[in-house]
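What's in input-v4.pdb: PDB, C-alpha atoms
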ATOM      1  CA  MET A   1      10.181 -20.723   2.887
ATOM      2  CA  THR A   2      13.278 -22.423   4.184
ATOM      3  CA  LYS A   3      14.804 -22.697   7.635
ATOM      4  CA  SER A   4      17.714 -20.546   6.411
ATOM      5  CA  THR A   5      15.467 -17.599   5.570
ATOM      6  CA  THR A   6      16.644 -14.478   7.391
ATOM      7  CA  TRP A   7      13.787 -12.418   8.791
ATOM      8  CA  LEU A   8      14.406  -8.743   9.552
ATOM      9  CA  LYS A   9      12.532  -6.677  12.122
ATOM     10  CA  SER A  10      12.589  -2.920  12.296
ATOM     11  CA  SER A  11      14.984  -1.416  14.822
ATOM     12  CA  ARG A  12      12.060   0.862  15.740
ATOM     13  CA  SER A  13       9.865  -2.015  16.889
ATOM     14  CA  ASP A  14       8.920  -2.156  20.534
ATOM     15  CA  ALA A  15       9.958  -4.759  23.097
ATOM     16  CA  ASN A  16       6.512  -6.423  22.912
ATOM     17  CA  ASP A  17       7.104  -7.732  19.361
ATOM     18  CA  ASN A  18       4.336  -5.519  17.978
ATOM     19  CA  CYS A  19       5.631  -5.316  14.437
ATOM     20  CA  VAL A  20       6.112  -7.224  11.232
ATOM     21  CA  GLU A  21       9.169  -9.046   9.948
ATOM     22  CA  VAL A  22      10.304  -9.008   6.324
ATOM     23  CA  ALA A  23      12.386 -11.530   4.386
ATOM     24  CA  ARG A  24      13.526 -12.091   0.814
ATOM     25  CA  PHE A  25      13.046 -15.672  -0.335
ATOM     26  CA  ALA A  26      15.507 -17.409  -2.655
ATOM     27  CA  CYS A  27      12.887 -17.245  -5.426
ATOM     28  CA  GLY A  28      13.031 -13.441  -5.179
ATOM     29  CA  ARG A  29       9.654 -12.887  -3.552
ATOM     30  CA  ILE A  30       9.300 -10.590  -0.528
ATOM     31  CA  ALA A  31       7.628 -12.118   2.537
ATOM     32  CA  VAL A  32       5.987 -10.448   5.539
ATOM     33  CA  ARG A  33       4.848 -12.001   8.798
ATOM     34  CA  ASP A  34       3.597 -10.909  12.222
ATOM     35  CA  SER A  35       6.411 -11.068  14.772
ATOM     36  CA  LYS A  36       3.952 -11.960  17.570
ATOM     37  CA  GLN A  37       3.394 -15.351  15.907
ATOM     38  CA  HIS A  38       7.064 -16.334  16.408
ATOM     39  CA  GLY A  39       7.270 -17.987  13.006
ATOM     40  CA  ARG A  40       4.086 -20.041  13.408
ATOM     41  CA  GLY A  41       1.594 -17.724  11.703
ATOM     42  CA  PRO A  42       0.731 -17.000   8.089
ATOM     43  CA  VAL A  43       3.186 -15.400   5.680
ATOM     44  CA  LEU A  44       2.209 -12.896   2.989
ATOM     45  CA  GLU A  45       4.299 -13.161  -0.173
ATOM     46  CA  PHE A  46       4.720 -10.343  -2.699
ATOM     47  CA  THR A  47       6.328 -10.102  -6.119
ATOM     48  CA  HIS A  48       8.806  -7.244  -6.488
ATOM     49  CA  SER A  49       6.278  -5.134  -8.392
ATOM     50  CA  ALA A  50       3.523  -5.754  -5.820
ATOM     51  CA  TRP A  51       5.939  -4.930  -2.964
ATOM     52  CA  ASP A  52       7.008  -1.690  -4.670
ATOM     53  CA  ALA A  53       3.350  -0.743  -5.195
ATOM     54  CA  LEU A  54       2.522  -1.443  -1.531
ATOM     55  CA  LEU A  55       5.469   0.627  -0.291
ATOM     56  CA  ALA A  56       4.478   3.518  -2.562
ATOM     57  CA  ARG A  57       0.924   3.463  -1.168
ATOM     58  CA  VAL A  58       2.160   3.323   2.441
ATOM     59  CA  LYS A  59       4.631   6.171   1.888
ATOM     60  CA  SER A  60       1.934   8.324   0.257
ATOM     61  CA  GLY A  61      -0.310   7.956   3.320
ATOM     62  CA  GLU A  62      -2.938   6.060   1.354
ATOM     63  CA  CYS A  63      -2.840   3.220   3.892
ATOM     64  CA  ASP A  64      -3.123   5.404   6.977
ATOM     65  CA  LYS A  65      -5.603   4.143   9.539
ATOM     66  CA  HIS A  66      -9.227   4.879   8.607
ATOM     67  CA  ARG A  67      -8.325   6.630   5.361
ATOM     68  CA  GLY A  68     -10.941   5.654   2.801
ATOM     69  CA  LEU A  69     -12.880   3.597   5.337
ATOM     70  CA  PRO A  70     -16.284   5.280   4.739
ATOM     71  CA  GLU A  71     -16.091   4.390   1.036
ATOM     72  CA  LEU A  72     -15.355   0.762   1.863
ATOM     73  CA  LEU A  73     -18.354   0.516   4.154
ATOM     74  CA  GLU A  74     -20.883   1.816   1.624
TER      75      GLU A  74
END
Rewrite the structure of this file - the entire thing - as structure tokens.
Amino acid sequence: MTKSTTWLKSSRSDANDNCVEVARFACGRIAVRDSKQHGRGPVLEFTHSAWDALLARVKSGECDKHRGLPELLE
């Protein structure tokens, strides 16, 4: 990650910074971080294929809160 990395936050985020920010690194990876950390927290990096797979799961509802939770707890 470089100082010149541009982080984008959703225009739908609230005034309390309760959202994530996304950036594309020069190497082509997609990065995600918690906006509440103000650039001091951890960064998750994804390849393009992993990012596409994550977005597909989110859009399908597979990542909705509590979905599949009972199976994970068994």
Inset, instruction - Please identify all polymer residues within 12 Å of segment 37-46 of chain A, counting all atoms listed in the file, omitting same-chain residues fewer than 6 positions from it, and present them as a PyMOL selection string. - result: chain A and resi 1-3+5-7+9+16-25+27-31+52-55
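Going from atom CA of Ala26 of chain A over to atom CA of Cys63 of chain A, you cover 28.4 Å.
Atom to atom, atom CA of Lys59 of chain A and atom CA of Ser13 of chain A stand 17.9 Å apart.
If you look at atom CA of Asp34 of chain A and atom CA of Leu8 of chain A, they are 11.3 Å away from each other.
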